[in-house]
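What's in final.cif: mmCIF, C-alpha atoms
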data_model
loop_
_atom_site.label_atom_id
_atom_site.label_comp_id
_atom_site.auth_asym_id
_atom_site.auth_seq_id
_atom_site.Cartn_x
_atom_site.Cartn_y
_atom_site.Cartn_z
CA MET A 222 0.00 0.00 0.00
CA SER A 223 1.59 3.29 -1.09
CA GLU A 224 1.92 5.92 1.59
CA LYS A 225 -0.59 8.74 1.38
CA SER A 226 -0.41 12.10 3.07
CA LEU A 227 -2.75 14.74 4.44
CA THR A 228 -2.26 18.31 5.54
CA ILE A 229 -4.77 20.36 7.54
CA ILE A 230 -4.68 24.07 8.24
CA ALA A 231 -6.38 24.70 11.59
CA THR A 232 -7.54 28.30 11.95
CA LYS A 233 -10.17 28.20 14.69
CA GLY A 234 -9.70 28.25 18.45
CA THR A 235 -13.07 27.33 19.91
CA LEU A 236 -14.07 24.14 21.72
CA ASP A 237 -16.37 22.97 18.92
CA TRP A 238 -14.04 23.77 16.02
CA ALA A 239 -11.09 22.13 17.76
CA TYR A 240 -12.64 18.76 16.94
CA PRO A 241 -12.61 18.48 13.11
CA PRO A 242 -8.84 18.95 12.64
CA PHE A 243 -7.89 16.58 15.49
CA ILE A 244 -10.51 13.92 14.59
CA LEU A 245 -9.48 13.91 10.92
CA SER A 246 -5.76 13.93 11.69
CA SER A 247 -5.86 11.13 14.25
CA THR A 248 -8.09 9.00 12.02
CA ALA A 249 -5.94 9.59 8.93
CA ALA A 250 -2.86 8.63 10.93
CA ALA A 251 -4.62 5.41 12.00
CA LEU A 252 -5.33 4.70 8.33
CA GLY A 253 -1.64 5.04 7.52
CA TYR A 254 -1.50 8.62 6.25
CA ASN A 255 1.46 10.89 6.92
CA VAL A 256 -0.24 13.87 8.55
CA THR A 257 0.91 17.47 8.92
CA MET A 258 -1.16 20.04 10.79
CA PHE A 259 -0.48 23.75 10.40
CA PHE A 260 -1.92 25.97 13.12
CA THR A 261 -2.47 29.62 12.29
CA PHE A 262 -4.35 32.55 13.83
CA TYR A 263 -6.90 31.32 16.42
CA GLY A 264 -5.86 27.76 15.66
CA LEU A 265 -2.74 28.41 17.76
CA GLN A 266 -5.02 28.09 20.83
CA LEU A 267 -5.13 24.36 20.07
CA LEU A 268 -1.39 24.08 20.76
CA LYS A 269 -1.52 25.57 24.26
CA LYS A 270 -0.37 23.32 27.10
CA ASP A 271 -3.40 24.52 29.03
CA LEU A 272 -6.37 23.98 26.70
CA SER A 273 -9.04 26.31 28.08
CA LEU A 274 -11.30 26.40 25.03
CA SER A 275 -14.80 27.86 24.99
CA VAL A 276 -17.80 27.75 22.72
CA SER A 277 -20.17 30.66 22.16
CA PRO A 278 -23.79 30.56 20.97
CA LEU A 279 -23.40 34.20 19.87
CA GLY A 280 -23.80 34.56 16.12
CA ASN A 281 -24.30 30.82 15.71
CA PRO A 282 -27.95 30.06 14.90
CA GLY A 283 -26.95 26.50 13.98
CA MET A 284 -26.02 25.64 17.55
CA PRO A 285 -28.59 23.39 19.19
CA MET A 286 -29.68 24.90 22.50
CA PRO A 287 -30.70 22.52 25.28
CA MET A 288 -34.04 22.89 27.09
CA ALA A 289 -35.51 25.10 24.33
CA MET A 290 -33.27 27.90 25.52
CA ASP A 291 -33.41 29.52 22.11
CA LYS A 292 -37.09 30.26 22.84
CA TRP A 293 -36.26 31.93 26.15
CA PHE A 294 -33.05 33.58 24.98
CA PRO A 295 -33.51 34.55 21.32
CA VAL A 296 -30.57 36.15 19.47
CA LEU A 297 -29.77 39.00 21.88
CA GLY A 298 -29.96 36.63 24.83
CA THR A 299 -26.93 34.76 23.52
CA ALA A 300 -24.91 37.90 24.20
CA ILE A 301 -25.71 38.19 27.90
CA PRO A 302 -22.77 37.80 30.29
CA GLY A 303 -22.27 34.26 31.53
CA MET A 304 -23.92 32.68 28.51
CA GLN A 305 -20.62 31.62 26.96
CA ALA A 306 -19.40 30.03 30.20
CA MET A 307 -22.72 28.26 30.61
CA MET A 308 -22.78 26.89 27.05
CA THR A 309 -19.14 25.80 27.36
CA GLY A 310 -19.92 23.91 30.57
CA MET A 311 -22.98 22.29 29.00
CA MET A 312 -21.06 21.24 25.89
CA LYS A 313 -18.27 19.73 27.99
CA ASN A 314 -20.83 17.70 29.95
CA THR A 315 -22.48 16.52 26.74
CA ILE A 316 -19.10 15.56 25.24
CA LYS A 317 -18.34 13.48 28.32
CA SER A 318 -21.75 11.81 28.51
CA LYS A 319 -21.72 10.84 24.82
CA GLY A 320 -18.32 9.16 25.02
CA VAL A 321 -16.68 11.75 22.77
CA ALA A 322 -12.97 12.25 23.40
CA THR A 323 -11.70 15.48 24.94
CA VAL A 324 -9.67 17.79 22.72
CA ALA A 325 -6.57 17.11 24.83
CA GLU A 326 -7.08 13.35 24.43
CA LEU A 327 -7.39 13.62 20.64
CA ARG A 328 -4.34 15.87 20.47
CA ASP A 329 -2.33 13.32 22.49
CA LEU A 330 -3.50 10.54 20.15
CA CYS A 331 -2.32 12.62 17.18
CA LEU A 332 1.10 13.16 18.76
CA GLU A 333 1.34 9.48 19.63
CA ALA A 334 0.64 8.65 15.98
CA ASP A 335 3.47 10.95 14.83
CA VAL A 336 1.23 13.66 13.41
CA LYS A 337 3.52 16.58 12.63
CA MET A 338 2.34 19.89 14.13
CA ILE A 339 3.58 23.25 12.92
CA GLY A 340 2.76 26.54 14.64
CA CYS A 341 2.61 29.68 12.53
CA GLN A 342 5.53 31.90 13.50
CA MET A 343 3.80 35.06 12.25
CA THR A 344 0.73 34.45 14.47
CA ILE A 345 2.98 33.88 17.47
CA ASP A 346 4.64 37.25 16.86
CA LEU A 347 1.34 38.97 16.06
CA PHE A 348 -0.46 37.87 19.23
CA ASP A 349 2.64 37.82 21.47
CA ILE A 350 2.08 34.14 22.25
CA LYS A 351 4.69 32.79 24.67
CA HIS A 352 6.63 29.74 23.47
CA GLU A 353 6.52 28.24 26.94
CA ASP A 354 2.70 28.24 26.83
CA LEU A 355 2.74 25.92 23.81
CA ILE A 356 3.34 22.16 23.86
CA ASP A 357 6.94 21.08 23.20
CA GLU A 358 6.24 18.68 20.32
CA ILE A 359 5.66 21.39 17.70
CA ASP A 360 7.84 23.00 15.05
CA LEU A 361 7.44 26.62 14.02
CA GLY A 362 7.25 27.80 10.45
CA GLY A 363 5.50 29.93 7.89
CA ALA A 364 3.46 29.61 4.72
CA ALA A 365 6.42 28.32 2.73
CA THR A 366 6.93 25.54 5.28
CA TYR A 367 3.27 24.60 4.91
CA PHE A 368 3.53 24.37 1.12
CA GLU A 369 6.62 22.20 1.39
CA HIS A 370 4.26 19.58 2.85
CA ALA A 371 1.09 20.51 0.95
CA GLY A 372 2.79 20.31 -2.45
CA GLU A 373 3.62 16.66 -1.85
CA SER A 374 0.32 15.78 -0.21
CA ASN A 375 -2.71 13.86 -1.53
CA ILE A 376 -5.25 15.79 0.54
CA ASN A 377 -5.06 19.37 1.83
CA LEU A 378 -7.83 20.73 4.07
CA PHE A 379 -8.54 24.14 5.55
CA VAL A 380 -10.60 24.15 8.74
CA MET B 118 -18.23 -16.41 14.96
CA PRO B 119 -14.50 -16.44 14.21
CA ASP B 120 -12.07 -17.11 17.07
CA SER B 121 -10.17 -14.14 18.38
CA ASN B 122 -6.72 -13.72 19.92
CA GLN B 123 -7.54 -10.48 21.67
CA GLU B 124 -10.60 -8.41 22.60
CA LEU B 125 -11.16 -4.67 22.67
CA ASP B 126 -14.05 -3.15 24.59
CA ALA B 127 -14.91 0.11 22.81
CA ARG B 128 -18.44 0.30 24.22
CA GLY B 129 -19.57 3.81 25.16
CA LEU B 130 -16.89 5.41 23.00
CA ASN B 131 -17.73 7.65 20.08
CA CYS B 132 -16.07 8.41 16.72
CA PRO B 133 -13.13 8.24 16.12
CA LEU B 134 -12.10 6.48 19.36
CA PRO B 135 -13.16 2.90 18.45
CA ILE B 136 -11.02 3.07 15.29
CA LEU B 137 -8.06 4.68 17.07
CA ARG B 138 -8.13 2.13 19.91
CA ALA B 139 -8.43 -0.72 17.40
CA LYS B 140 -5.45 0.55 15.43
CA LYS B 141 -3.40 0.86 18.61
CA THR B 142 -4.32 -2.67 19.73
CA LEU B 143 -3.53 -4.10 16.26
CA ASN B 144 -0.09 -2.49 16.44
CA GLY B 145 0.76 -4.83 19.29
CA MET B 146 -0.50 -7.96 17.51
CA ALA B 147 1.11 -10.31 14.99
CA ALA B 148 0.02 -10.71 11.36
CA GLY B 149 -2.80 -13.22 11.04
CA GLU B 150 -4.06 -12.72 14.60
CA VAL B 151 -7.70 -11.75 15.09
CA LEU B 152 -8.99 -8.84 17.16
CA LYS B 153 -12.58 -8.80 18.37
CA ILE B 154 -14.00 -5.32 18.94
CA MET B 155 -17.22 -4.51 20.79
CA SER B 156 -18.77 -1.11 20.12
CA THR B 157 -22.01 0.77 20.76
CA ASP B 158 -21.36 3.46 18.13
CA PRO B 159 -23.63 2.83 15.09
CA GLY B 160 -21.20 4.82 12.93
CA SER B 161 -18.50 2.25 13.63
CA VAL B 162 -20.21 -0.28 11.30
CA LYS B 163 -19.30 1.71 8.18
CA ASP B 164 -16.07 2.95 9.71
CA PHE B 165 -14.62 -0.49 10.39
CA GLN B 166 -15.40 -1.54 6.80
CA ALA B 167 -13.58 1.57 5.57
CA PHE B 168 -10.73 1.00 8.03
CA ALA B 169 -10.28 -2.57 6.77
CA THR B 170 -10.22 -1.67 3.07
CA GLN B 171 -7.73 1.15 3.62
CA THR B 172 -5.33 -0.58 5.98
CA GLY B 173 -5.08 -4.11 4.58
CA ASN B 174 -6.55 -5.66 7.71
CA GLN B 175 -9.37 -8.04 6.90
CA LEU B 176 -12.84 -7.60 8.39
CA LEU B 177 -13.82 -11.25 8.92
CA ASP B 178 -17.19 -10.54 10.45
CA SER B 179 -19.41 -7.64 11.45
CA SER B 180 -22.62 -8.25 13.37
CA GLU B 181 -25.16 -6.65 15.67
CA VAL B 182 -25.64 -8.45 18.98
CA ASN B 183 -28.25 -7.11 21.43
CA GLY B 184 -27.82 -3.53 20.23
CA GLU B 185 -24.02 -3.81 20.25
CA PHE B 186 -21.76 -4.08 17.25
CA HIS B 187 -19.14 -6.81 17.10
CA PHE B 188 -16.25 -6.80 14.64
CA PHE B 189 -13.54 -9.37 13.92
CA LEU B 190 -10.44 -7.90 12.31
CA LYS B 191 -7.62 -10.11 11.06
CA LYS B 192 -4.33 -8.28 11.10
CA GLY B 193 -2.75 -7.99 7.66
CA ASP B 194 0.92 -8.46 6.77
#

Structure rendered as structure tokens:
Amino acid sequence: MSEKSLTIIATKGTLDWAYPPFILSSTAAALGYNVTMFFTFYGLQLLKKDLSLSVSPLGNPGMPMPMAMDKWFPVLGTAIPGMQAMMTGMMKNTIKSKGVATVAELRDLCLEADVKMIGCQMTIDLFDIKHEDLIDEIDLGGAATYFEHAGESNINLFV
Amino acid sequence: MPDSNQELDARGLNCPLPILRAKKTLNGMAAGEVLKIMSTDPGSVKDFQAFATQTGNQLLDSSEVNGEFHFFLKKGD
């Protein structure tokens, strides 16, 4: 079986959007793909040692609200203080009760499977992100580094 | 039912954990050995078929038993 490869650009730093890049990368690695993940802009949050990710219902009409909360808190209600913390807590409980892995668990599984992770140097400079706040297993690089992998890859995704 | 050399209890776990755990367990097994996996994730039925065709491990049997899904994977060379 010839070796295939996948690259994913991860650009989002919320609890919900942390899942697609880590699920796809860990699964592809299990299927025998060489996987490279490039983390840029808010995606850099996914490389923090301390993963304190949140999810917000604000501006997201597609988000299912438990207990018909969308009836009691239509649109503007999603902006009230405390709503983000509440929705984040609820989503974490749901994730646990449905047997879905935590983001940290999926990230560890990716690292275990030799998924290569590259942090965007420009974003680190732009947001003054401290190197010591990021996990040790990553390399840093820029767009050219990404294309070095993407140019050779069978599948390239942007999440 | 085929005989199995090892069992993996993936009940209660959701996508992609059953596949990832199966892959990890297969890594520690010899070619030709059979892994039995028990899962409660309905999505794992299609996923284990896809896993088998893409990895060269053979799916000997896939069945539903009392609302659970049982798979027998024979490790490829």

- Message: So that I can see what lies close to region 353-362 of chain A, please list as a list in words the residues with an atom at most 8 Å from it, counting only C-alpha atoms and leaving out residues fewer than 5 positions away in the same chain.
- Response: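 So, after excluding close chain neighbours, the residues are Leu268, Lys269, Lys270, Asp271, Leu332, Lys337, Met338, Ile339, Gly340, Cys341, Gln342 and Tyr367 of chain A.
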
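Applied to this file, the PyMOL selection byres ((chain B) within 8 of (chain A)) selects the residues Gly129, Leu130, Asn131, Cys132, Pro133, Leu134, Ile136, Leu137, Lys140, Phe168, Gln171, Thr172 and Gly173 of chain B.
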
When you look at region 230-242 of chain A with a cut-off of 8 Å (counting all atoms listed in the file), what residues show up, excluding the ones that are within fewer than 3 positions of it in the same chain? I need them as a short mmCIF file (atom, residue, chain, number, x, y, z; two decimals) with C-alpha atoms, keeping the file's coordinate frame.
data_model
loop_
_atom_site.label_atom_id
_atom_site.label_comp_id
_atom_site.auth_asym_id
_atom_site.auth_seq_id
_atom_site.Cartn_x
_atom_site.Cartn_y
_atom_site.Cartn_z
CA LEU A 245 -9.48 13.91 10.92
CA SER A 246 -5.76 13.93 11.69
CA MET A 258 -1.16 20.04 10.79
CA PHE A 259 -0.48 23.75 10.40
CA PHE A 260 -1.92 25.97 13.12
CA THR A 261 -2.47 29.62 12.29
CA PHE A 262 -4.35 32.55 13.83
CA TYR A 263 -6.90 31.32 16.42
CA GLY A 264 -5.86 27.76 15.66
CA LEU A 265 -2.74 28.41 17.76
CA GLN A 266 -5.02 28.09 20.83
CA LEU A 267 -5.13 24.36 20.07
CA LEU A 274 -11.30 26.40 25.03
CA SER A 275 -14.80 27.86 24.99
CA VAL A 276 -17.80 27.75 22.72
CA THR A 309 -19.14 25.80 27.36
CA VAL A 324 -9.67 17.79 22.72
CA ASN A 377 -5.06 19.37 1.83
CA LEU A 378 -7.83 20.73 4.07
CA PHE A 379 -8.54 24.14 5.55
CA VAL A 380 -10.60 24.15 8.74
#

- State, in Å with one decimal place, the distance from CA of Met288 (chain A) to CA of Met307 (chain A).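 Distance between the two atoms: 13.0 Å.
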
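CA of Ser374 (chain A) is found 9.0 Å from CA of Val256 (chain A).
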
- Task: Give me, please, the distance in Å between CA of Gly184 (chain B) and CA of Glu124 (chain B), quoted to one decimal.
- Result: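 Separating CA of Gly184 (chain B) from CA of Glu124 (chain B) is a distance of 18.1 Å.
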
- Message: I need the residue nearest Phe186 (chain B) from this list: B:Leu152, B:Ala127, B:Leu143, B:Ala169. Use all atoms listed in the file for the distance.
- Response: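 Ranking B:Leu152, B:Ala127, B:Leu143, B:Ala169 by distance to Phe186 (chain B), first place goes to B:Ala127.
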
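The neighbours of region 146-149 of chain B here are the residues that come within 10 Å of it, using only C-alpha atoms and leaving out any residue fewer than 3 positions away in the same chain; they are Asn122, Gln123, Lys141, Thr142, Leu143, Leu152, Asn174, Gln175, Leu190, Lys191, Lys192, Gly193 and Asp194 of chain B.
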
- Item | Resolved residues for the PyMOL selection byres ((chain A and resi 293-298) around 9) as an MDAnalysis selection string | chainID A and resid 278:280 282 289:292 299:301 304

Name the residues in contact with Asp126 (chain B) at a cut-off of 9 Å, using all atoms listed in the file, excluding same-chain residues fewer than 4 positions from it; report them as a tab-separated table (two decimals) with C-alpha atoms, in the coordinates of the input.
chain	number	residue	atom	x	y	z
B	135	PRO	CA	-13.16	2.90	18.45
B	153	LYS	CA	-12.58	-8.80	18.37
B	154	ILE	CA	-14.00	-5.32	18.94
B	155	MET	CA	-17.22	-4.51	20.79
B	156	SER	CA	-18.77	-1.11	20.12

- Query: For this file, the PyMOL selection byres ((chain B and resi 177) around 9) selects which residues, as a ChimeraX atom specification?
  - Reply: /B:119,151,175-176,178-179,188-191

- Item | Local residues around (-26.1, -2.0, 17.0), at most 9 Å away, using all atoms listed in the file, as a list of chain:residue names | B:Ser156, B:Thr157, B:Asp158, B:Pro159, B:Val162, B:Ser180, B:Glu181, B:Val182, B:Asn183, B:Gly184, B:Glu185, B:Phe186, B:His187

Write out the residues from the selection above, keeping C-alpha atoms, as an mmCIF file, keeping the file's coordinate frame.
data_model
loop_
_atom_site.group_PDB
_atom_site.id
_atom_site.type_symbol
_atom_site.label_atom_id
_atom_site.label_comp_id
_atom_site.auth_asym_id
_atom_site.auth_seq_id
_atom_site.Cartn_x
_atom_site.Cartn_y
_atom_site.Cartn_z
ATOM 1 C CA SER B 156 -18.770 -1.110 20.120
ATOM 2 C CA THR B 157 -22.010 0.770 20.760
ATOM 3 C CA ASP B 158 -21.360 3.460 18.130
ATOM 4 C CA PRO B 159 -23.630 2.830 15.090
ATOM 5 C CA VAL B 162 -20.210 -0.280 11.300
ATOM 6 C CA SER B 180 -22.620 -8.250 13.370
ATOM 7 C CA GLU B 181 -25.160 -6.650 15.670
ATOM 8 C CA VAL B 182 -25.640 -8.450 18.980
ATOM 9 C CA ASN B 183 -28.250 -7.110 21.430
ATOM 10 C CA GLY B 184 -27.820 -3.530 20.230
ATOM 11 C CA GLU B 185 -24.020 -3.810 20.250
ATOM 12 C CA PHE B 186 -21.760 -4.080 17.250
ATOM 13 C CA HIS B 187 -19.140 -6.810 17.100
#
